[in-house]
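Below: the structure, in structure tokens.
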Amino acid sequence: MQAALVVRSSTGFDFEISFVDIPTIGSSEILVQLSATGVCGTDMALASGEVGPTCQILGHEGIGRVVQVGESVPAGDIQINDRVGIAWLRDICGKCAYCLHPGGETRCAEQLNSGRKINGTFAEYAVVPARYIIRIPDHVKTSDEALAPILCGGVTAYKALRVCGAAGGQWVAVLGAAGGVGAFAIQYARSMGLRVLAIDAGESKGQYCLQLGAEAYVDVLGADSVADQAATITGRRSISAALVIAGSAKGYQTALEILGPFGTLVCVGIPPPHELVSFHPLLFIDKGIKIIGSAVGTREDIIDAIEFVERGLVKADIVPVRLSDMPRIAKEFGEITGKYVIKYDVHGQLQL
Ligand SMILES: [Zn+2]
Ligand SMILES: [Zn+2]
């Protein structure tokens with residue numbers, strides 16, 4: 001099968017397109033032939049090696065079809081040709097304190113992640129444990145390419161909004177609004193009846209955010225302070241929740257400055273390990289502010305996030321590419337708006 005393998009050198013990292021063996025499955029696993037996969041910012045962070053060891057095949061926004069089922073998978077559980085998703089979470093233990101907590105599976109202490117301990121979706125085939133399947137419901141007619149980015153970028157935005165505590169009609173600030181996850185956050189927020197204040201750097205990004213449904217935009221490079229501009233825009237109602245998507249300490253600092261009374265700071269973006277955020281606890285005591293972290297979403301969250309796409313309320317801004325484009329994508333990642341989605345050629349059924 002064709003695969004994009006990450007290769008690192010003293011000057012950085014690159015992707016090398018190679019042919020490798022199609023993986024063999026264990027008795028409780030399934031083999032998925034991929035038809036599309038998104039490229040996520042986390043893939044670039046993993047490729048750089050800065051966040052620890054990885055597999056050679058990254059990628060965690062895949063959609064494909066089941067082509068082989070292990071012999072001990074109960075009959076009827078999963079069928080050949082079922083449409084499935086392959087996301088960041090690939091397996092969970094099902095018994096740790098996180099797994100036992102409702103909705104806690106994304107924090108499983110023993111979790112397997114795509115590209116970390118198990119090969120990801122930058123290849124034509126991938127192996128999934130039958131007990132942790134993301135089955136795309138039959139009524140979903142959205143194309144594989146349009147669904148792929150929901151598996152990480154989309155569900156990350158959706159889940160952050162689900163936990164942010166803001167109700168319809170209230171203001172939500174999205175910091176890093178013009179990036180892949182930010183663009184989803186704007187659309188999901190709008191679809192949930194929230195008012196979106198998009199925050200990012202540069203005037204051109206403002207146009208993009210407003211087109212996606214943001215009600216107002218604040219340019220962090222502008223002359224006035226972000227807090228002053230936000231206060232003018234939202235007026236008496238103030239900001240009920242701030243989603244920090246772009247992972248910088250500065251973004252977190254700004255979010256704390258603009259939050260209104262009883263607001264919630266939702267941590268999504270991950271700053272580099274040495275970047276800390278400083279605050280005085282009185283801010284939380286006086287204003288009743290809460291801080292929560294949000295990480296991707298459960299299998300149920302993914303299906304919920306997909307329903308918005310199926311209903312036409314949220315749409316990924318796709319930049320279609322081929323697997324062979326990975327070396328170029330690695331160089332220009334972050335310079336364009338929109339989501340790179342790799343489309344694979346699927347020539348009939350694999351004979352195994
Ligand atoms: Zn991701
Ligand atoms: Zn667990």
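In the structure tokens, chains take letters A, B, ... by order of appearance, with residues numbered from 1 within each chain and ligands from 1 in the order shown.
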
Exercise answer, 7 Å around ligand 2 with only C-alpha atoms and all ligand atoms, as a ChimeraX atom specification: /A:92-99,105,108-111

Contact residues around A:Gly288 with only C-alpha atoms at 10 Å, ignoring same-chain residues under 2 positions, as a list in words: Gly260, Pro261, Phe262, Gly263, Thr264, Leu282, Leu283, Phe284, Ile285, Asp286 and Lys290 of chain A

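Between atom CA of A:Val341 and atom CA of A:Ser48 there is a distance of 20.1 Å.
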
Residues of chain A at most 7 Å from ligand 1: nearest atom pair and distance in Å, only C-alpha atoms and all ligand atoms, as a tab-separated table:
residue	atom	partner	partner_atom_place_in_ligand_line	distance
A:Cys40	CA	ligand 1	1 (Zn)	4.5
A:Gly41	CA	ligand 1	1 (Zn)	6.2
A:Thr42	CA	ligand 1	1 (Zn)	5.0
A:Asp43	CA	ligand 1	1 (Zn)	6.7
A:His60	CA	ligand 1	1 (Zn)	6.3
A:Trp88	CA	ligand 1	1 (Zn)	6.5
A:Cys152	CA	ligand 1	1 (Zn)	4.6
A:Gly153	CA	ligand 1	1 (Zn)	5.8

Within 8 Å of A:Gly179 using only C-alpha atoms, minus same-chain residues under 2 positions, as a list in words: Gly176, Ala177, Val181, Gly182, Ala183, Ala246, Gly334, Thr337 and Gly338 of chain A

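Residues of stretch 275-334 of chain A carrying a DSSP assignment of strand (DSSP E), computed from the backbone, are Lys290, Ile291, Ile292, Gly293, Ile318, Val319, Pro320 and Val321 of chain A.
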
Among the residues A:Ala166, A:Ala305, A:Ala130, A:Met44, the one that comes closest to A:Pro74 [using only C-alpha atoms]: A:Ala130

Give me the residues within 12 Å of A:Ala87 as a PDB file with C-alpha atoms, in the first residue's frame, counting only C-alpha atoms and dropping any in the same chain fewer than 4 places off.
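Final output, selection.pdb:
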ATOM      1  CA  THR A  37      -8.201  11.613   5.385  1.00  0.00           C
ATOM      2  CA  GLY A  38      -7.817  15.126   6.693  1.00  0.00           C
ATOM      3  CA  VAL A  39      -4.458  16.615   7.687  1.00  0.00           C
ATOM      4  CA  CYS A  40      -4.502  18.107  11.203  1.00  0.00           C
ATOM      5  CA  ASP A  43       0.063  15.712  12.710  1.00  0.00           C
ATOM      6  CA  LEU A  58       0.567   9.672  11.119  1.00  0.00           C
ATOM      7  CA  GLY A  59      -2.967  10.913  10.335  1.00  0.00           C
ATOM      8  CA  HIS A  60      -6.202  10.714  12.365  1.00  0.00           C
ATOM      9  CA  GLU A  61      -9.095  12.054  10.292  1.00  0.00           C
ATOM     10  CA  GLY A  62      -9.797   9.031   8.118  1.00  0.00           C
ATOM     11  CA  ILE A  63     -12.935   7.663   6.483  1.00  0.00           C
ATOM     12  CA  GLY A  64     -13.020   4.286   4.795  1.00  0.00           C
ATOM     13  CA  ASP A  91      -8.616   2.161  21.541  1.00  0.00           C
ATOM     14  CA  THR A 106     -11.215  10.637  25.603  1.00  0.00           C
ATOM     15  CA  LEU A 112      -4.013   4.339  21.922  1.00  0.00           C
ATOM     16  CA  ASN A 113      -3.700   7.286  19.559  1.00  0.00           C
ATOM     17  CA  SER A 114      -3.325   7.354  15.776  1.00  0.00           C
ATOM     18  CA  GLY A 115       0.300   7.958  14.869  1.00  0.00           C
ATOM     19  CA  ILE A 118      -0.592   2.700  16.225  1.00  0.00           C
ATOM     20  CA  ASN A 119      -0.172   3.679  12.572  1.00  0.00           C
ATOM     21  CA  GLY A 120      -2.486   6.422  11.335  1.00  0.00           C
ATOM     22  CA  THR A 121      -4.428   7.307   8.201  1.00  0.00           C
ATOM     23  CA  PHE A 122      -1.701   8.627   5.876  1.00  0.00           C
ATOM     24  CA  ALA A 126      -5.314   0.934   8.641  1.00  0.00           C
ATOM     25  CA  VAL A 127      -6.144  -1.543  11.435  1.00  0.00           C
ATOM     26  CA  VAL A 128      -8.833  -0.796  14.029  1.00  0.00           C
ATOM     27  CA  TYR A 132     -13.620   0.701  19.332  1.00  0.00           C
ATOM     28  CA  ILE A 133     -15.378   1.400  16.065  1.00  0.00           C
ATOM     29  CA  ILE A 134     -16.748   4.716  14.824  1.00  0.00           C
ATOM     30  CA  ARG A 135     -19.498   3.572  12.501  1.00  0.00           C
ATOM     31  CA  LEU A 147     -16.720  14.040   6.648  1.00  0.00           C
ATOM     32  CA  ALA A 148     -13.028  13.326   7.218  1.00  0.00           C
ATOM     33  CA  PRO A 149     -12.146  16.675   8.885  1.00  0.00           C
ATOM     34  CA  ILE A 150     -14.987  16.210  11.386  1.00  0.00           C
ATOM     35  CA  LEU A 151     -13.162  13.230  12.931  1.00  0.00           C
ATOM     36  CA  CYS A 152     -10.755  15.584  14.718  1.00  0.00           C
ATOM     37  CA  GLY A 153     -11.061  19.274  13.782  1.00  0.00           C
ATOM     38  CA  GLY A 154     -14.849  19.269  13.676  1.00  0.00           C
ATOM     39  CA  VAL A 155     -15.512  17.248  16.811  1.00  0.00           C
ATOM     40  CA  THR A 156     -12.883  19.202  18.763  1.00  0.00           C
ATOM     41  CA  VAL A 296     -11.421  15.870  20.910  1.00  0.00           C
ATOM     42  CA  GLY A 297     -14.710  14.010  21.555  1.00  0.00           C
ATOM     43  CA  THR A 298     -16.219  10.604  22.246  1.00  0.00           C
ATOM     44  CA  ARG A 299     -17.543   8.370  19.478  1.00  0.00           C
ATOM     45  CA  ASP A 301     -19.742  13.317  19.985  1.00  0.00           C
ATOM     46  CA  ILE A 302     -18.295  12.484  16.562  1.00  0.00           C
ATOM     47  CA  ILE A 303     -21.642  11.193  15.335  1.00  0.00           C
TER      48      ILE A 303
END

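Counting from atom CA of A:Arg162, the distance to atom CA of A:Ala178 is 19.9 Å.
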